[in-house]
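Worksheet: the structure to be examined is printed underneath.
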Amino acid sequence: MMNKVVDFLQANPVQYLGTIGRDGKAKCRPFMFCFEKDGKLWFCTNNQKDVYKDMQANPEVEVSVSDPAYAWLRLHGRAVFEDNMEVKEACMANSIVKGQYNTADNPIFVVFYLENPHGVIADFSGNPPYEF
């Protein structure tokens, strides 16, 4: 089930993460999927950013991205932060992440996965969407 979702996220590396801001208003930011490990979809961020504080206040998030052929993915889940050094080390393989945080033990560097991930991959073909 997750392979199709992971493939879509990896093929379209800049996604948009939607949160409910602490002011009660919708917020949408460019984001990057890290990888799938043990059936969990992992992302990372900086614990000094508003997006982290928003997810602490309301962990329900949605990720959206489209591909060049106008197919799109909408992925909903609950952000669960975990101090997982193995995941943090693996994130350092991404040069953008490494450039921002330098080391996996950087105290501002945090990782989270989506609990109960669900959503759709759809397009304008008229075919039913792929639901997961």
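FYI, nothing fancy with the structure tokens labels: chains A, B, ... in order, residues from 1 per chain, ligands from 1 as they appear.
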
Which of segment 4-127 of chain A DSSP labels helix (DSSP H, G or I), written as JSON, numbers by chain: {"A": [4, 5, 6, 7, 8, 9, 10, 11, 50, 51, 52, 53, 54, 55, 56, 57, 85, 86, 87, 88, 89, 90, 91, 95, 96, 97, 98, 99, 100, 101]}

Take the residues from that selection and write them out as a compact mmCIF listing (two decimals), in the first residue's frame, keeping N, CA and C atoms.
```txt
# COMPACT_ATOMS: atom_id res chain seq x y z
N LYS A 4 3.30 2.89 -3.31
CA LYS A 4 2.82 3.85 -4.30
C LYS A 4 2.91 5.28 -3.74
N VAL A 5 2.58 5.44 -2.47
CA VAL A 5 2.64 6.74 -1.81
C VAL A 5 4.10 7.21 -1.70
N VAL A 6 4.98 6.33 -1.23
CA VAL A 6 6.40 6.65 -1.09
C VAL A 6 6.99 7.02 -2.45
N ASP A 7 6.69 6.23 -3.48
CA ASP A 7 7.20 6.51 -4.83
C ASP A 7 6.76 7.90 -5.29
N PHE A 8 5.50 8.25 -5.04
CA PHE A 8 4.97 9.55 -5.48
C PHE A 8 5.68 10.68 -4.73
N LEU A 9 5.87 10.52 -3.43
CA LEU A 9 6.55 11.55 -2.63
C LEU A 9 8.01 11.71 -3.06
N GLN A 10 8.68 10.60 -3.31
CA GLN A 10 10.09 10.66 -3.72
C GLN A 10 10.25 11.26 -5.11
N ALA A 11 9.29 10.99 -5.99
CA ALA A 11 9.36 11.50 -7.36
C ALA A 11 9.05 13.00 -7.44
N ASP A 50 7.71 28.10 13.56
CA ASP A 50 6.27 28.15 13.83
C ASP A 50 5.59 26.84 13.45
N VAL A 51 6.04 26.19 12.37
CA VAL A 51 5.38 24.95 11.94
C VAL A 51 5.46 23.89 13.05
N TYR A 52 6.59 23.82 13.74
CA TYR A 52 6.74 22.87 14.85
C TYR A 52 5.77 23.23 15.97
N LYS A 53 5.72 24.49 16.32
CA LYS A 53 4.83 24.94 17.40
C LYS A 53 3.37 24.71 17.03
N ASP A 54 3.03 24.93 15.75
CA ASP A 54 1.66 24.67 15.29
C ASP A 54 1.32 23.18 15.42
N MET A 55 2.25 22.31 15.04
CA MET A 55 2.00 20.87 15.11
C MET A 55 1.94 20.38 16.56
N GLN A 56 2.65 21.04 17.45
CA GLN A 56 2.55 20.69 18.87
C GLN A 56 1.15 21.02 19.38
N ALA A 57 0.62 22.16 18.94
CA ALA A 57 -0.71 22.60 19.38
C ALA A 57 -1.82 21.79 18.73
N MET A 85 17.17 8.59 16.98
CA MET A 85 18.49 8.92 16.45
C MET A 85 18.79 8.18 15.15
N GLU A 86 18.29 6.96 15.01
CA GLU A 86 18.51 6.20 13.77
C GLU A 86 17.88 6.93 12.58
N VAL A 87 16.67 7.45 12.77
CA VAL A 87 15.99 8.21 11.71
C VAL A 87 16.74 9.52 11.46
N LYS A 88 17.13 10.20 12.53
CA LYS A 88 17.86 11.47 12.38
C LYS A 88 19.15 11.27 11.61
N GLU A 89 19.89 10.21 11.93
CA GLU A 89 21.15 9.91 11.20
C GLU A 89 20.85 9.67 9.72
N ALA A 90 19.80 8.92 9.44
CA ALA A 90 19.45 8.62 8.05
C ALA A 90 19.05 9.89 7.29
N CYS A 91 18.43 10.84 7.97
CA CYS A 91 18.05 12.10 7.34
C CYS A 91 19.27 12.88 6.87
N SER A 95 21.52 16.09 1.45
CA SER A 95 22.47 17.21 1.56
C SER A 95 21.80 18.50 2.02
N ILE A 96 20.52 18.68 1.70
CA ILE A 96 19.80 19.88 2.14
C ILE A 96 19.62 19.85 3.65
N VAL A 97 19.21 18.70 4.17
CA VAL A 97 19.03 18.54 5.62
C VAL A 97 20.36 18.69 6.33
N LYS A 98 21.39 18.03 5.80
CA LYS A 98 22.72 18.11 6.42
C LYS A 98 23.21 19.55 6.42
N GLY A 99 22.96 20.27 5.33
CA GLY A 99 23.38 21.66 5.24
C GLY A 99 22.71 22.55 6.27
N GLN A 100 21.48 22.22 6.62
CA GLN A 100 20.75 23.03 7.60
C GLN A 100 21.12 22.69 9.04
N TYR A 101 21.36 21.42 9.33
CA TYR A 101 21.51 20.99 10.72
C TYR A 101 22.89 20.44 11.07
```

As an mmCIF file with N, CA, C and O atoms, in the first residue's frame, please: all residues of chain A that backbone DSSP puts in strand (DSSP E).
```cif
data_model
loop_
_atom_site.group_PDB
_atom_site.id
_atom_site.type_symbol
_atom_site.label_atom_id
_atom_site.label_comp_id
_atom_site.auth_asym_id
_atom_site.auth_seq_id
_atom_site.Cartn_x
_atom_site.Cartn_y
_atom_site.Cartn_z
ATOM 1 N N GLN A 15 6.914 19.021 -1.357
ATOM 2 C CA GLN A 15 5.493 18.909 -1.073
ATOM 3 C C GLN A 15 5.058 20.147 -0.303
ATOM 4 O O GLN A 15 5.858 20.991 0.049
ATOM 5 N N TYR A 16 3.777 20.220 -0.012
ATOM 6 C CA TYR A 16 3.234 21.314 0.797
ATOM 7 C C TYR A 16 2.533 20.712 1.992
ATOM 8 O O TYR A 16 1.705 19.810 1.850
ATOM 9 N N LEU A 17 2.922 21.198 3.174
ATOM 10 C CA LEU A 17 2.377 20.710 4.435
ATOM 11 C C LEU A 17 1.389 21.732 4.968
ATOM 12 O O LEU A 17 1.743 22.899 5.168
ATOM 13 N N GLY A 18 0.149 21.285 5.172
ATOM 14 C CA GLY A 18 -0.883 22.151 5.719
ATOM 15 C C GLY A 18 -1.083 21.870 7.196
ATOM 16 O O GLY A 18 -1.145 20.711 7.615
ATOM 17 N N THR A 19 -1.134 22.955 7.984
ATOM 18 C CA THR A 19 -1.384 22.852 9.415
ATOM 19 C C THR A 19 -2.457 23.870 9.789
ATOM 20 O O THR A 19 -2.762 24.776 9.014
ATOM 21 N N ILE A 20 -2.976 23.700 10.987
ATOM 22 C CA ILE A 20 -3.819 24.738 11.585
ATOM 23 C C ILE A 20 -2.885 25.550 12.478
ATOM 24 O O ILE A 20 -2.280 25.010 13.413
ATOM 25 N N ALA A 26 -5.470 28.514 8.629
ATOM 26 C CA ALA A 26 -4.725 27.518 7.855
ATOM 27 C C ALA A 26 -3.359 28.058 7.466
ATOM 28 O O ALA A 26 -3.209 29.235 7.136
ATOM 29 N N LYS A 27 -2.346 27.191 7.512
ATOM 30 C CA LYS A 27 -0.984 27.531 7.086
ATOM 31 C C LYS A 27 -0.520 26.439 6.120
ATOM 32 O O LYS A 27 -0.802 25.263 6.327
ATOM 33 N N CYS A 28 0.193 26.835 5.085
ATOM 34 C CA CYS A 28 0.697 25.874 4.105
ATOM 35 C C CYS A 28 2.137 26.235 3.792
ATOM 36 O O CYS A 28 2.437 27.391 3.504
ATOM 37 N N ARG A 29 3.037 25.249 3.880
ATOM 38 C CA ARG A 29 4.466 25.515 3.701
ATOM 39 C C ARG A 29 5.103 24.442 2.826
ATOM 40 O O ARG A 29 4.729 23.282 2.901
ATOM 41 N N PRO A 30 6.124 24.825 2.046
ATOM 42 C CA PRO A 30 6.880 23.793 1.323
ATOM 43 C C PRO A 30 7.597 22.896 2.320
ATOM 44 O O PRO A 30 8.085 23.380 3.351
ATOM 45 N N PHE A 31 7.630 21.608 2.020
ATOM 46 C CA PHE A 31 8.211 20.627 2.936
ATOM 47 C C PHE A 31 8.857 19.526 2.116
ATOM 48 O O PHE A 31 8.626 19.426 0.912
ATOM 49 N N PHE A 33 9.613 15.259 2.157
ATOM 50 C CA PHE A 33 9.492 13.910 2.711
ATOM 51 C C PHE A 33 10.899 13.344 2.880
ATOM 52 O O PHE A 33 11.744 13.500 2.001
ATOM 53 N N CYS A 34 11.156 12.703 4.006
ATOM 54 C CA CYS A 34 12.479 12.089 4.215
ATOM 55 C C CYS A 34 12.518 10.683 3.623
ATOM 56 O O CYS A 34 13.236 10.435 2.665
ATOM 57 N N PHE A 35 11.743 9.759 4.195
ATOM 58 C CA PHE A 35 11.719 8.370 3.731
ATOM 59 C C PHE A 35 10.690 7.593 4.530
ATOM 60 O O PHE A 35 10.154 8.082 5.525
ATOM 61 N N GLU A 36 10.486 6.343 4.091
ATOM 62 C CA GLU A 36 9.645 5.404 4.827
ATOM 63 C C GLU A 36 10.568 4.454 5.572
ATOM 64 O O GLU A 36 11.564 3.994 5.030
ATOM 65 N N LYS A 37 10.271 4.205 6.828
ATOM 66 C CA LYS A 37 11.030 3.239 7.619
ATOM 67 C C LYS A 37 10.074 2.550 8.571
ATOM 68 O O LYS A 37 9.313 3.211 9.267
ATOM 69 N N LYS A 40 6.499 3.610 8.505
ATOM 70 C CA LYS A 40 6.173 4.981 8.894
ATOM 71 C C LYS A 40 6.755 5.963 7.882
ATOM 72 O O LYS A 40 7.871 5.777 7.399
ATOM 73 N N LEU A 41 5.974 7.006 7.582
ATOM 74 C CA LEU A 41 6.411 8.063 6.670
ATOM 75 C C LEU A 41 7.032 9.176 7.515
ATOM 76 O O LEU A 41 6.342 9.815 8.313
ATOM 77 N N TRP A 42 8.345 9.407 7.326
ATOM 78 C CA TRP A 42 9.108 10.329 8.176
ATOM 79 C C TRP A 42 9.363 11.664 7.488
ATOM 80 O O TRP A 42 9.654 11.712 6.290
ATOM 81 N N PHE A 43 9.309 12.723 8.280
ATOM 82 C CA PHE A 43 9.612 14.093 7.871
ATOM 83 C C PHE A 43 10.500 14.704 8.955
ATOM 84 O O PHE A 43 10.625 14.138 10.050
ATOM 85 N N CYS A 44 11.094 15.843 8.671
ATOM 86 C CA CYS A 44 11.901 16.517 9.688
ATOM 87 C C CYS A 44 11.676 18.017 9.632
ATOM 88 O O CYS A 44 11.219 18.554 8.625
ATOM 89 N N THR A 45 11.998 18.670 10.744
ATOM 90 C CA THR A 45 11.872 20.120 10.808
ATOM 91 C C THR A 45 12.754 20.659 11.929
ATOM 92 O O THR A 45 13.536 19.929 12.533
ATOM 93 N N ASN A 46 12.576 21.938 12.198
ATOM 94 C CA ASN A 46 13.357 22.680 13.183
ATOM 95 C C ASN A 46 12.403 23.040 14.327
ATOM 96 O O ASN A 46 11.357 23.639 14.087
ATOM 97 N N GLU A 60 -2.787 17.432 13.705
ATOM 98 C CA GLU A 60 -3.444 16.979 12.473
ATOM 99 C C GLU A 60 -2.915 17.792 11.294
ATOM 100 O O GLU A 60 -3.038 19.011 11.268
ATOM 101 N N VAL A 61 -2.298 17.102 10.322
ATOM 102 C CA VAL A 61 -1.687 17.781 9.177
ATOM 103 C C VAL A 61 -2.118 17.112 7.876
ATOM 104 O O VAL A 61 -2.605 15.982 7.873
ATOM 105 N N GLU A 62 -1.896 17.830 6.778
ATOM 106 C CA GLU A 62 -2.122 17.253 5.464
ATOM 107 C C GLU A 62 -0.986 17.680 4.544
ATOM 108 O O GLU A 62 -0.569 18.843 4.560
ATOM 109 N N VAL A 63 -0.473 16.722 3.782
ATOM 110 C CA VAL A 63 0.580 16.958 2.805
ATOM 111 C C VAL A 63 -0.049 16.838 1.424
ATOM 112 O O VAL A 63 -0.854 15.934 1.173
ATOM 113 N N SER A 64 0.301 17.761 0.537
ATOM 114 C CA SER A 64 -0.211 17.704 -0.825
ATOM 115 C C SER A 64 0.931 17.980 -1.801
ATOM 116 O O SER A 64 1.817 18.785 -1.513
ATOM 117 N N VAL A 65 0.887 17.308 -2.928
ATOM 118 C CA VAL A 65 1.886 17.522 -3.982
ATOM 119 C C VAL A 65 1.303 17.028 -5.300
ATOM 120 O O VAL A 65 0.463 16.130 -5.319
ATOM 121 N N SER A 66 1.726 17.659 -6.398
ATOM 122 C CA SER A 66 1.307 17.187 -7.721
ATOM 123 C C SER A 66 2.537 16.856 -8.547
ATOM 124 O O SER A 66 3.641 17.295 -8.238
ATOM 125 N N TRP A 72 -2.083 14.092 -8.471
ATOM 126 C CA TRP A 72 -1.761 14.681 -7.177
ATOM 127 C C TRP A 72 -1.982 13.685 -6.054
ATOM 128 O O TRP A 72 -2.690 12.697 -6.200
ATOM 129 N N LEU A 73 -1.325 13.976 -4.956
ATOM 130 C CA LEU A 73 -1.449 13.188 -3.744
ATOM 131 C C LEU A 73 -1.927 14.111 -2.626
ATOM 132 O O LEU A 73 -1.446 15.244 -2.524
ATOM 133 N N ARG A 74 -2.878 13.636 -1.848
ATOM 134 C CA ARG A 74 -3.264 14.290 -0.595
ATOM 135 C C ARG A 74 -3.105 13.257 0.503
ATOM 136 O O ARG A 74 -3.671 12.169 0.415
ATOM 137 N N LEU A 75 -2.309 13.581 1.498
ATOM 138 C CA LEU A 75 -1.937 12.651 2.557
ATOM 139 C C LEU A 75 -2.238 13.294 3.894
ATOM 140 O O LEU A 75 -1.698 14.353 4.215
ATOM 141 N N HIS A 76 -3.128 12.675 4.653
ATOM 142 C CA HIS A 76 -3.492 13.208 5.964
ATOM 143 C C HIS A 76 -2.961 12.276 7.045
ATOM 144 O O HIS A 76 -2.876 11.073 6.852
ATOM 145 N N GLY A 77 -2.603 12.842 8.174
ATOM 146 C CA GLY A 77 -2.175 12.047 9.322
ATOM 147 C C GLY A 77 -1.945 12.936 10.524
ATOM 148 O O GLY A 77 -2.099 14.158 10.462
ATOM 149 N N ARG A 78 -1.578 12.299 11.605
ATOM 150 C CA ARG A 78 -1.291 12.992 12.858
ATOM 151 C C ARG A 78 0.221 12.986 13.043
ATOM 152 O O ARG A 78 0.848 11.919 13.056
ATOM 153 N N ALA A 79 0.819 14.171 13.173
ATOM 154 C CA ALA A 79 2.273 14.280 13.349
ATOM 155 C C ALA A 79 2.666 13.778 14.734
ATOM 156 O O ALA A 79 2.171 14.284 15.747
ATOM 157 N N VAL A 80 3.531 12.766 14.751
ATOM 158 C CA VAL A 80 4.031 12.215 16.012
ATOM 159 C C VAL A 80 5.544 12.430 16.042
ATOM 160 O O VAL A 80 6.273 11.874 15.213
ATOM 161 N N PHE A 81 5.988 13.262 16.971
ATOM 162 C CA PHE A 81 7.419 13.543 17.108
ATOM 163 C C PHE A 81 8.054 12.464 17.963
ATOM 164 O O PHE A 81 7.496 12.052 18.971
ATOM 165 N N PHE A 109 17.015 20.054 15.645
ATOM 166 C CA PHE A 109 16.606 19.116 14.595
ATOM 167 C C PHE A 109 15.659 18.069 15.174
ATOM 168 O O PHE A 109 16.019 17.340 16.096
ATOM 169 N N VAL A 110 14.427 18.009 14.641
ATOM 170 C CA VAL A 110 13.440 17.038 15.114
ATOM 171 C C VAL A 110 12.841 16.273 13.941
ATOM 172 O O VAL A 110 12.781 16.779 12.822
ATOM 173 N N VAL A 111 12.418 15.054 14.225
ATOM 174 C CA VAL A 111 11.791 14.206 13.209
ATOM 175 C C VAL A 111 10.406 13.788 13.688
ATOM 176 O O VAL A 111 10.147 13.691 14.886
ATOM 177 N N PHE A 112 9.530 13.575 12.705
ATOM 178 C CA PHE A 112 8.180 13.106 13.026
ATOM 179 C C PHE A 112 7.685 12.195 11.916
ATOM 180 O O PHE A 112 8.149 12.247 10.790
ATOM 181 N N TYR A 113 6.758 11.324 12.294
ATOM 182 C CA TYR A 113 6.091 10.480 11.303
ATOM 183 C C TYR A 113 4.602 10.772 11.360
ATOM 184 O O TYR A 113 4.103 11.419 12.287
ATOM 185 N N LEU A 114 3.897 10.319 10.329
ATOM 186 C CA LEU A 114 2.455 10.496 10.274
ATOM 187 C C LEU A 114 1.770 9.239 10.786
ATOM 188 O O LEU A 114 1.943 8.156 10.218
ATOM 189 N N GLU A 115 1.027 9.396 11.862
ATOM 190 C CA GLU A 115 0.254 8.307 12.421
ATOM 191 C C GLU A 115 -1.058 8.214 11.649
ATOM 192 O O GLU A 115 -1.660 9.243 11.330
ATOM 193 N N ASN A 116 -1.492 6.984 11.363
ATOM 194 C CA ASN A 116 -2.723 6.737 10.611
ATOM 195 C C ASN A 116 -2.743 7.505 9.288
ATOM 196 O O ASN A 116 -3.689 8.242 9.000
ATOM 197 N N PRO A 117 -1.695 7.351 8.461
ATOM 198 C CA PRO A 117 -1.676 8.074 7.187
ATOM 199 C C PRO A 117 -2.759 7.555 6.249
ATOM 200 O O PRO A 117 -2.943 6.356 6.103
ATOM 201 N N HIS A 118 -3.498 8.481 5.661
ATOM 202 C CA HIS A 118 -4.528 8.094 4.705
ATOM 203 C C HIS A 118 -4.740 9.238 3.725
ATOM 204 O O HIS A 118 -4.367 10.376 4.000
ATOM 205 N N GLY A 119 -5.293 8.893 2.572
ATOM 206 C CA GLY A 119 -5.522 9.915 1.569
ATOM 207 C C GLY A 119 -5.756 9.316 0.206
ATOM 208 O O GLY A 119 -6.195 8.169 0.094
ATOM 209 N N VAL A 120 -5.430 10.102 -0.820
ATOM 210 C CA VAL A 120 -5.684 9.678 -2.199
ATOM 211 C C VAL A 120 -4.547 10.109 -3.114
ATOM 212 O O VAL A 120 -3.850 11.089 -2.846
ATOM 213 N N ILE A 121 -4.389 9.343 -4.190
ATOM 214 C CA ILE A 121 -3.627 9.773 -5.359
ATOM 215 C C ILE A 121 -4.651 9.810 -6.483
ATOM 216 O O ILE A 121 -5.363 8.824 -6.716
ATOM 217 N N ALA A 122 -4.772 10.966 -7.130
ATOM 218 C CA ALA A 122 -5.820 11.142 -8.137
ATOM 219 C C ALA A 122 -5.268 11.922 -9.323
ATOM 220 O O ALA A 122 -4.164 12.469 -9.273
ATOM 221 N N TYR A 130 -6.814 6.482 -6.345
ATOM 222 C CA TYR A 130 -6.214 5.429 -5.531
ATOM 223 C C TYR A 130 -6.326 5.905 -4.096
ATOM 224 O O TYR A 130 -5.777 6.942 -3.718
ATOM 225 N N GLU A 131 -7.080 5.177 -3.295
ATOM 226 C CA GLU A 131 -7.257 5.543 -1.889
ATOM 227 C C GLU A 131 -6.409 4.647 -1.018
ATOM 228 O O GLU A 131 -6.291 3.446 -1.273
#
```

For atom CA of Asp38 of chain A and atom CA of Ala71 of chain A, the interatomic separation in Å (one decimal):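 We find that atom CA of Asp38 of chain A and atom CA of Ala71 of chain A lie 26.6 Å from each other.
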
Computed interatomic separation between atom CA of Gly24 of chain A and atom CA of Pro59 of chain A (Å):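 Pair atom CA of Gly24 of chain A / atom CA of Pro59 of chain A returns 13.0 Å.
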
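Distance-wise, atom CA of Gly39 of chain A and atom CA of Ala69 of chain A end up 27.3 Å apart.
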